[in-house]
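Undergrad: Input: one structure, supplied below.
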Amino acid sequence: MPVLARWIEAAGIPTVVVTMMPAVAEDRRAPRIVGVEFPFGHAFGMPGDKPMQRRVLGLALQVLAGSGAFGTRVDLDIEWPVPLRDAYKAWQPKDASPIVRKLLASLPPRT
Amino acid sequence: MIVDSFRFLPRSFRPIYEGHGPFPGEEAPVWAPFAKRLASSRIALLTSAGMYLKSSQASFDLEREQNNPEWGDPSWRSIPANANATDIGVAHLHINSSDIKADPEIALPARLLDQFVSEGVVGSATAEHLSVMGYQHRSLEGWRNETLPELVATLRDQQADGLILAPA
């Protein structure tokens with residue numbers, strides 16, 4: 001996604017990436033970054049939580065329109081309101097993705 | 001406060017993402033200044049959650065990914081800003097999509113963006129937003145060669161002044 005943002009930016013359209021892995025977006029040289037400490041699949045927050053979603057989108061608009069230079073990153077200070085162990089399980093698919101299944105199948109059996 | 005980028009990632013996945021630096025050829029800064037006032041600008045959204053319209057669009061091709069785990073569907077869908085939440089499907093094998101299906105705004109906040117427009121914070125929103133399926137694994141060629149030119153043409157057609165991208 002950071003690369004897609006770079007390509008679109010290079011075509012002349014300003015971009016901001018809202019991401020749960022802002023360190024990776026920085027590594028990949030995204031032009032503008034908003035970091036959120038949310039589980040995957042929840043870039044704009046909790047389902048049904050309009051005030052939380054509003055804070056994320058509001059910050060994204062501010063960073064998109066108001067950043068002074070390439071590589072601007074602003075992290076949003078909101079703690080995910082679900083215990084880590086539950087949230088960690090909840091975002092993952094019920095069945096492992098095909099690539100994860102393939103990688104697991106390639107591991108040597110545990111002894 | 002600095003976000004922990006790996007808080008929700010299984011520990012064994014961390015080396016896949018951490019510390020790799022830019023992709024080859026993607027080291028240099030790219031910068032399009034946001035010149036206008038936000039209140040007179042048109043904003044578009046892009047999600048990589050694999051969203052599509054159940055009533056009128058094909059799903060992303062998950063069957064091929066099941067058969068070839070290192071392939072991800074590089075195509076894209078146009079999602080109308082006023083799409084009905086009940087018409088939105090999510091095709092993505094790497095996340096539990098039940099929360100997005102319950103409230104698509106957590107991936108593509110089109111209604112919330114409209115609210116910022118009605119409050120005068122944002123000038124307008126594009127009539128169509130963009131959806132891709134974010135699992136592209138090793139090859140970005142499909143995105144680069146096929147999808148990107150179409151996304152850029154669509155954004156230009158819709159006179160977007162800026163784009164907010166959010167991965168799933």
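Here, A, B, ... name the chains of the structure tokens in the order displayed, residue numbers run from 1 inside each chain, and ligands are numbered from 1 in the same displayed order.
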Determine which residues of chain A sit within 7 Å of chain B, taking into account only C-alpha atoms, and present them as a PyMOL selection string.

TA: chain A and resi 1+6+8-10+12-24+27-29+31+35-37+39-48+65+70+75+77+88+91-94+97-99

Undergrad: Taking the DSSP assignment computed from this structure's backbone, write out as a PyMOL selection string all residues of chain A that belong to strand (DSSP E or B).

TA: chain A and resi 15-19+32-35+72-75

Undergrad: Store the residues picked out above, limited to N, CA and C atoms, as a PDB file, in the first residue's frame.

TA:
ATOM      1  N   THR A  15      -1.219  12.095  -1.346  1.00  0.00           N
ATOM      2  CA  THR A  15      -1.763  10.929  -0.654  1.00  0.00           C
ATOM      3  C   THR A  15      -1.389  10.938   0.827  1.00  0.00           C
ATOM      4  N   VAL A  16      -2.202  10.250   1.613  1.00  0.00           N
ATOM      5  CA  VAL A  16      -1.831   9.907   2.989  1.00  0.00           C
ATOM      6  C   VAL A  16      -2.212   8.446   3.209  1.00  0.00           C
ATOM      7  N   VAL A  17      -1.346   7.703   3.893  1.00  0.00           N
ATOM      8  CA  VAL A  17      -1.622   6.302   4.230  1.00  0.00           C
ATOM      9  C   VAL A  17      -1.971   6.226   5.708  1.00  0.00           C
ATOM     10  N   VAL A  18      -3.162   5.697   6.003  1.00  0.00           N
ATOM     11  CA  VAL A  18      -3.575   5.461   7.392  1.00  0.00           C
ATOM     12  C   VAL A  18      -3.277   3.999   7.688  1.00  0.00           C
ATOM     13  N   THR A  19      -2.357   3.733   8.627  1.00  0.00           N
ATOM     14  CA  THR A  19      -1.872   2.361   8.745  1.00  0.00           C
ATOM     15  C   THR A  19      -1.576   1.932  10.175  1.00  0.00           C
ATOM     16  N   ARG A  32       3.131  10.576   3.159  1.00  0.00           N
ATOM     17  CA  ARG A  32       2.481  11.068   4.394  1.00  0.00           C
ATOM     18  C   ARG A  32       1.855   9.871   5.098  1.00  0.00           C
ATOM     19  N   ILE A  33       2.015   9.826   6.419  1.00  0.00           N
ATOM     20  CA  ILE A  33       1.601   8.633   7.166  1.00  0.00           C
ATOM     21  C   ILE A  33       0.835   9.026   8.424  1.00  0.00           C
ATOM     22  N   VAL A  34      -0.291   8.352   8.659  1.00  0.00           N
ATOM     23  CA  VAL A  34      -0.970   8.422   9.954  1.00  0.00           C
ATOM     24  C   VAL A  34      -0.898   7.029  10.572  1.00  0.00           C
ATOM     25  N   GLY A  35      -0.327   6.919  11.763  1.00  0.00           N
ATOM     26  CA  GLY A  35      -0.208   5.631  12.442  1.00  0.00           C
ATOM     27  C   GLY A  35      -1.335   5.430  13.434  1.00  0.00           C
ATOM     28  N   THR A  72       6.279  12.916   6.329  1.00  0.00           N
ATOM     29  CA  THR A  72       5.583  13.322   7.559  1.00  0.00           C
ATOM     30  C   THR A  72       4.794  12.143   8.132  1.00  0.00           C
ATOM     31  N   ARG A  73       5.016  11.874   9.431  1.00  0.00           N
ATOM     32  CA  ARG A  73       4.268  10.813  10.116  1.00  0.00           C
ATOM     33  C   ARG A  73       3.691  11.365  11.410  1.00  0.00           C
ATOM     34  N   VAL A  74       2.390  11.157  11.596  1.00  0.00           N
ATOM     35  CA  VAL A  74       1.748  11.533  12.857  1.00  0.00           C
ATOM     36  C   VAL A  74       1.007  10.312  13.377  1.00  0.00           C
ATOM     37  N   ASP A  75       1.265   9.931  14.635  1.00  0.00           N
ATOM     38  CA  ASP A  75       0.580   8.785  15.232  1.00  0.00           C
ATOM     39  C   ASP A  75      -0.586   9.264  16.086  1.00  0.00           C
TER      40      ASP A  75
END
